[in-house]
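Colleague: To be precise about what I am sending: the file is called data-v4.csv and holds CSV, C-alpha atoms.
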chain,number,residue,atom,x,y,z
A,427,GLY,CA,-2.6,17.8,-1.2
A,428,ALA,CA,-1.7,14.6,-3.1
A,429,VAL,CA,-5.2,13.0,-3.0
A,430,VAL,CA,-5.9,9.8,-4.9
A,431,SER,CA,-9.6,8.9,-5.5
A,432,GLN,CA,-10.5,5.3,-6.3
A,433,HIS,CA,-13.9,4.3,-7.5
A,434,PRO,CA,-16.0,2.3,-6.8
A,435,SER,CA,-15.1,1.5,-3.2
A,436,TRP,CA,-17.2,-1.7,-3.2
A,437,VAL,CA,-18.7,-3.8,-6.0
A,438,ILE,CA,-20.6,-7.1,-6.2
A,439,CYS,CA,-21.2,-8.6,-9.5
A,440,LYS,CA,-22.0,-11.9,-11.2
A,441,SER,CA,-19.4,-14.3,-12.5
A,442,GLY,CA,-18.5,-13.6,-16.1
A,443,THR,CA,-19.0,-9.9,-16.0
A,444,SER,CA,-16.2,-7.3,-16.4
A,445,VAL,CA,-15.6,-4.7,-13.8
A,446,LYS,CA,-13.8,-1.4,-14.2
A,447,ILE,CA,-12.0,0.3,-11.3
A,448,GLU,CA,-10.9,3.9,-11.7
A,449,CYS,CA,-8.0,5.6,-10.0
A,450,ARG,CA,-7.7,9.4,-10.2
A,451,SER,CA,-5.1,11.8,-8.9
A,452,LEU,CA,-7.1,14.9,-7.9
A,453,ASP,CA,-4.5,17.5,-7.3
A,454,PHE,CA,-1.3,16.3,-9.0
A,455,GLN,CA,-0.2,14.7,-12.2
A,456,ALA,CA,0.4,11.0,-11.8
A,457,THR,CA,3.2,10.0,-14.1
A,458,THR,CA,3.2,6.5,-12.7
A,459,MET,CA,0.4,4.5,-11.2
A,460,PHE,CA,0.5,1.2,-9.4
A,461,TRP,CA,-2.1,-1.4,-9.0
A,462,TYR,CA,-2.1,-3.8,-6.0
A,463,ARG,CA,-4.1,-6.7,-4.9
A,464,GLN,CA,-4.5,-7.7,-1.2
A,465,PHE,CA,-5.9,-10.9,0.2
A,466,PRO,CA,-7.3,-11.0,3.7
A,467,LYS,CA,-4.7,-10.7,6.4
A,468,GLN,CA,-1.9,-10.5,3.8
A,469,SER,CA,0.2,-7.6,2.5
A,470,LEU,CA,-0.1,-5.8,-0.8
A,471,MET,CA,0.9,-7.6,-3.9
A,472,LEU,CA,2.0,-5.5,-6.9
A,473,MET,CA,0.1,-6.4,-10.0
A,474,ALA,CA,1.3,-3.9,-12.5
A,475,THR,CA,3.0,-0.5,-13.0
A,476,SER,CA,1.7,1.9,-15.5
A,477,ASN,CA,3.3,5.0,-16.9
A,478,GLU,CA,1.1,7.6,-18.6
A,479,GLY,CA,0.9,7.0,-22.4
A,480,SER,CA,2.6,3.6,-22.4
A,481,LYS,CA,1.7,0.0,-21.8
A,482,ALA,CA,1.6,-1.3,-18.3
A,483,THR,CA,4.3,-3.5,-17.0
A,484,TYR,CA,2.8,-6.6,-15.3
A,485,GLU,CA,4.4,-8.6,-12.5
A,486,GLN,CA,5.1,-12.2,-13.0
A,487,GLY,CA,2.1,-14.4,-12.7
A,488,VAL,CA,-0.4,-11.6,-13.4
A,489,GLU,CA,-2.5,-12.2,-16.5
A,490,LYS,CA,-2.4,-9.1,-18.7
A,491,ASP,CA,-5.5,-10.2,-20.7
A,492,LYS,CA,-7.4,-10.7,-17.4
A,493,PHE,CA,-6.4,-7.5,-15.8
A,494,LEU,CA,-6.5,-4.7,-18.4
A,495,ILE,CA,-4.8,-1.5,-17.3
A,496,ASN,CA,-5.1,1.8,-19.1
A,497,HIS,CA,-3.3,5.0,-18.1
A,498,ALA,CA,-4.4,7.3,-20.9
A,499,SER,CA,-4.0,10.6,-19.0
A,500,LEU,CA,-1.9,12.1,-16.2
A,501,THR,CA,-4.8,11.9,-13.8
A,502,LEU,CA,-6.5,8.7,-14.6
A,503,SER,CA,-5.7,5.0,-14.7
A,504,THR,CA,-8.2,2.2,-14.9
A,505,LEU,CA,-8.1,-1.5,-14.1
A,506,THR,CA,-10.6,-3.7,-15.8
A,507,VAL,CA,-11.1,-7.2,-14.5
A,508,THR,CA,-12.4,-9.1,-17.5
A,509,SER,CA,-14.8,-12.1,-17.3
A,510,ALA,CA,-14.5,-12.0,-13.5
A,511,HIS,CA,-14.7,-15.2,-11.5
A,512,PRO,CA,-15.1,-15.8,-7.8
A,513,GLU,CA,-11.3,-16.3,-7.4
A,514,ASP,CA,-10.9,-12.7,-8.6
A,515,SER,CA,-12.7,-11.5,-5.4
A,516,SER,CA,-10.2,-9.4,-3.5
A,517,PHE,CA,-9.3,-5.9,-2.3
A,518,TYR,CA,-7.7,-3.9,-5.1
A,519,ILE,CA,-5.8,-0.7,-4.4
A,520,CYS,CA,-4.1,1.8,-6.6
A,521,SER,CA,-1.3,4.3,-5.8
A,522,ALA,CA,0.1,7.2,-7.8
A,523,SER,CA,3.4,8.9,-8.0
A,524,SER,CA,4.3,12.2,-9.6
A,525,ASP,CA,7.5,11.0,-11.0
A,526,ARG,CA,8.6,7.8,-12.7
A,527,GLY,CA,10.0,6.4,-9.5
A,528,VAL,CA,8.2,5.2,-6.4
A,529,GLN,CA,8.7,8.1,-4.0
A,530,PRO,CA,6.4,9.1,-2.7
A,531,GLN,CA,3.3,7.0,-3.6
A,532,HIS,CA,-0.1,8.2,-2.7
A,533,PHE,CA,-2.8,5.5,-2.2
A,534,GLY,CA,-6.4,5.3,-3.0
A,535,ASP,CA,-8.9,4.0,-0.5
A,536,GLY,CA,-9.2,0.7,-2.4
A,537,THR,CA,-12.0,-1.3,-4.0
A,538,ARG,CA,-13.5,-4.4,-2.5
A,539,LEU,CA,-14.6,-6.7,-5.3
A,540,SER,CA,-16.9,-9.6,-4.7
A,541,ILE,CA,-17.7,-12.0,-7.6
A,542,LEU,CA,-20.7,-14.2,-7.0
B,830,LYS,CA,14.1,-15.3,3.7
B,831,ASN,CA,11.8,-12.3,3.0
B,832,GLU,CA,13.5,-9.1,2.0
B,833,VAL,CA,11.7,-7.2,4.7
B,834,GLU,CA,10.7,-8.5,8.1
B,835,GLN,CA,8.4,-6.7,10.6
B,836,SER,CA,7.9,-7.3,14.2
B,837,PRO,CA,5.8,-7.8,16.1
B,838,GLN,CA,3.0,-9.3,13.9
B,839,ASN,CA,0.4,-8.3,16.5
B,840,LEU,CA,0.5,-5.8,19.2
B,841,THR,CA,-2.0,-4.8,21.9
B,842,ALA,CA,-1.4,-1.8,24.0
B,843,GLN,CA,-3.2,0.2,26.6
B,844,GLU,CA,-4.0,3.8,25.8
B,845,GLY,CA,-1.1,6.1,26.7
B,846,GLU,CA,1.6,3.5,26.2
B,847,PHE,CA,4.7,4.0,24.1
B,848,ILE,CA,4.7,1.7,21.1
B,849,THR,CA,7.6,0.5,18.9
B,850,ILE,CA,7.3,-1.4,15.7
B,851,ASN,CA,10.4,-2.7,14.0
B,852,CYS,CA,11.4,-3.4,10.4
B,853,SER,CA,14.5,-5.1,9.2
B,854,TYR,CA,15.6,-5.6,5.6
B,855,SER,CA,18.3,-7.4,3.7
B,856,VAL,CA,18.7,-5.4,0.5
B,857,GLY,CA,20.0,-2.1,-0.5
B,858,ILE,CA,17.3,0.5,-0.7
B,859,SER,CA,16.8,4.1,-1.8
B,860,ALA,CA,14.2,4.8,0.9
B,861,LEU,CA,12.0,3.1,3.4
B,862,HIS,CA,8.3,3.9,3.9
B,863,TRP,CA,6.0,3.5,6.9
B,864,LEU,CA,2.3,3.2,5.9
B,865,GLN,CA,-0.9,3.0,7.9
B,866,GLN,CA,-3.8,0.9,6.7
B,867,HIS,CA,-7.1,1.5,8.4
B,868,PRO,CA,-9.8,-1.3,8.9
B,869,GLY,CA,-11.6,0.0,5.8
B,870,GLY,CA,-8.5,-0.7,3.7
B,871,GLY,CA,-7.4,2.8,2.9
B,872,ILE,CA,-3.6,3.4,3.2
B,873,VAL,CA,-1.9,6.6,4.4
B,874,SER,CA,1.7,7.2,3.9
B,875,LEU,CA,3.2,8.2,7.2
B,876,PHE,CA,6.9,8.6,6.5
B,877,MET,CA,9.5,8.2,3.8
B,878,LEU,CA,13.0,7.9,5.2
B,879,SER,CA,16.4,7.5,3.6
B,880,SER,CA,18.4,8.4,6.7
B,881,GLY,CA,18.1,9.6,10.3
B,882,LYS,CA,14.9,10.4,12.0
B,883,LYS,CA,11.6,12.0,11.2
B,884,LYS,CA,8.8,13.2,13.5
B,885,HIS,CA,5.2,14.0,12.9
B,886,GLY,CA,3.0,14.7,15.8
B,887,ARG,CA,3.1,11.6,18.1
B,888,LEU,CA,4.8,9.5,15.5
B,889,ILE,CA,8.6,9.1,15.2
B,890,ALA,CA,10.4,7.1,12.5
B,891,THR,CA,14.1,6.2,12.6
B,892,ILE,CA,16.3,4.4,10.2
B,893,ASN,CA,19.8,2.9,10.5
B,894,ILE,CA,21.1,2.3,7.0
B,895,GLN,CA,24.2,0.4,8.1
B,896,GLU,CA,22.2,-2.0,10.3
B,897,LYS,CA,19.3,-2.2,7.7
B,898,HIS,CA,16.8,-1.4,10.4
B,899,SER,CA,14.0,1.0,11.0
B,900,SER,CA,11.6,1.6,13.8
B,901,LEU,CA,8.2,3.4,14.1
B,902,HIS,CA,7.4,4.8,17.5
B,903,ILE,CA,4.0,6.0,18.7
B,904,THR,CA,4.0,8.1,21.8
B,905,ALA,CA,1.0,8.5,24.1
B,906,SER,CA,-0.9,5.9,22.0
B,907,HIS,CA,-4.7,6.3,21.5
B,908,PRO,CA,-7.4,3.9,20.4
B,909,ARG,CA,-7.6,5.8,17.1
B,910,ASP,CA,-4.0,4.6,16.4
B,911,SER,CA,-5.4,1.1,16.0
B,912,ALA,CA,-4.5,0.0,12.4
B,913,VAL,CA,-2.1,-2.1,10.4
B,914,TYR,CA,1.3,-0.5,10.1
B,915,ILE,CA,3.3,-1.5,7.1
B,916,CYS,CA,7.0,-1.1,6.4
B,917,ALA,CA,7.8,-0.8,2.7
B,918,LEU,CA,11.1,-0.6,0.8
B,919,SER,CA,11.9,1.4,-2.3
B,920,TYR,CA,13.7,-1.2,-4.2
B,921,GLY,CA,14.4,-0.6,-7.8
B,922,ASN,CA,11.3,1.1,-9.2
B,923,LYS,CA,8.9,-0.8,-6.9
B,924,LEU,CA,7.8,-0.9,-3.3
B,925,VAL,CA,8.4,-4.2,-1.4
B,926,PHE,CA,6.0,-4.5,1.5
B,927,GLY,CA,6.4,-6.1,4.9
B,928,ALA,CA,3.6,-8.3,6.2
B,929,GLY,CA,2.4,-5.5,8.5
B,930,THR,CA,1.9,-5.1,12.3
B,931,ILE,CA,-1.6,-5.2,13.6
B,932,LEU,CA,-1.9,-2.7,16.4
B,933,ARG,CA,-4.8,-2.5,18.7
B,934,VAL,CA,-4.9,0.2,21.4
B,935,LYS,CA,-7.4,-0.4,24.2
B,936,SER,CA,-8.9,2.4,26.2
What does the file become when written as structure tokens?
Modeller:
Amino acid sequence: GAVVSQHPSWVICKSGTSVKIECRSLDFQATTMFWYRQFPKQSLMLMATSNEGSKATYEQGVEKDKFLINHASLTLSTLTVTSAHPEDSSFYICSASSDRGVQPQHFGDGTRLSIL
Amino acid sequence: KNEVEQSPQNLTAQEGEFITINCSYSVGISALHWLQQHPGGGIVSLFMLSSGKKKHGRLIATINIQEKHSSLHITASHPRDSAVYICALSYGNKLVFGAGTILRVKS
């Protein structure tokens, strides 16, 4: 149980395009979803926390207009990287929790984004 | 000073060896998590601890709340255990991650 599916797992696109990443909880209702970014050989950095039906809470330094997060249902959250540039290339991973806290979190398999 | 420190950063072991990864923290927490990240990037939650000890298969996790310290042990290690092991703290409504321990088990 507690499976989180993240799609796509890998994407390459041209600079200036927008990329949408989906995070789905397959067998539970995800009241809270988290979006993380990970640079090579570094740990996960929380970008934002989203609760179903409300606006996402972004961490300091994360541009909310650049990284649009939608959590419109209890099983789906999306992260859209708008007007992507090479510096946005990274590994993005989501996690989901069935309550409004952090325990436990179930992680997706991540999306490797490369912007040319 | 980071809120959570892991050691060692890198660990190479021979198959069959007993492995210990340590995590020390400096803040009050509601729980501590041990996560496993595979080379492809996917993360699996191994344990969530608030006290004492938990065991799952060859993995054992312990926590000492007074000393603000946790350990992850792997018994009879196997090459398939090779991964990055991450200690994370439940702190407020977020997870705070350690830098991770890169484990390589050689056959």
Colleague: So how far away is atom CA of Ser444 of chain A from atom CA of Leu470 of chain A, in Å?
Modeller: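 These two atoms are separated by 22.5 Å.
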Colleague: Which residues, written as a PyMOL selection string, have at least one atom at most 6 Å from segment 450-467 of chain A, with only C-alpha atoms counted and residues fewer than 6 positions away on the same chain left out?
Modeller: chain A and resi 428-431+473-478+500-502+516-526
Colleague: Using only C-alpha atoms, find the residues of chain B whose closest atom to chain A is at most 7 Å away, then write them as a VMD selection string.
Modeller: chain B and resid 870 to 874 919 922 to 924 926 to 929
Colleague: With distances taken over all atoms listed in the file, which residue among A:Gly442, A:Pro512, A:Gly479, A:Pro434 lies nearest Ile495 of chain A?
Modeller: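 Smallest separation from Ile495 of chain A among the options: A:Gly479.
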Colleague: Just how far from atom CA of Ala905 of chain B is atom CA of Arg887 of chain B, in Å to one decimal?
Modeller: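 Interatomic distance, atom CA of Arg887 of chain B to atom CA of Ala905 of chain B: 7.1 Å.
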Colleague: When you count all atoms listed in the file, which of these residues is closest to Thr849 of chain B: B:Ile889, B:Val934, B:Leu878, B:Ile915?
Modeller: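 Of the candidates, the smallest distance to Thr849 of chain B is held by B:Ile889.
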Colleague: What's the separation between atom CA of Val913 of chain B and atom CA of Val925 of chain B, in Å to one decimal place?
Modeller: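 Taking atom CA of Val913 of chain B as the start and atom CA of Val925 of chain B as the end point, the length is 15.9 Å.
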Colleague: What lies within 12 Å of Leu918 of chain B using all atoms listed in the file, ignoring chain neighbours under 2 positions off, as an MDAnalysis selection string?
Modeller: (chainID A and resid 528:531) or (chainID B and resid 831:835 852:864 876:879 892 897:899 915:916 920:927)
Colleague: Can you list, as a PyMOL selection string, every protein, DNA or RNA residue that comes within 10 Å of Arg909 of chain B when you count all atoms listed in the file, leaving out same-chain residues fewer than 5 positions away?
Modeller: chain B and resi 844+867+933-936
Colleague: Mind dumping the selected residues with C-alpha atoms as a CSV table (one decimal), keeping the file's coordinate frame?
Modeller:
chain,number,residue,atom,x,y,z
B,844,GLU,CA,-4.0,3.8,25.8
B,867,HIS,CA,-7.1,1.5,8.4
B,933,ARG,CA,-4.8,-2.5,18.7
B,934,VAL,CA,-4.9,0.2,21.4
B,935,LYS,CA,-7.4,-0.4,24.2
B,936,SER,CA,-8.9,2.4,26.2
Colleague: Enclose segment 470-482 of chain A, meaning all of its atoms listed in the file, in a box aligned along x, y and z, pad it by 6 Å on each side, and list the centre and edge lengths in Å to one decimal, as AutoDock Vina command-line options.
Modeller:
--center_x 1.6 --center_y 0.0 --center_z -11.6 --size_x 15.4 --size_y 27.2 --size_z 33.6
Colleague: Nearest residue to Ile894 of chain B out of B:Gln865, B:Ser880, B:Leu875, B:Gly845, using only C-alpha atoms?
Modeller: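 Answer, going by the shortest atom-to-atom distance: B:Ser880.
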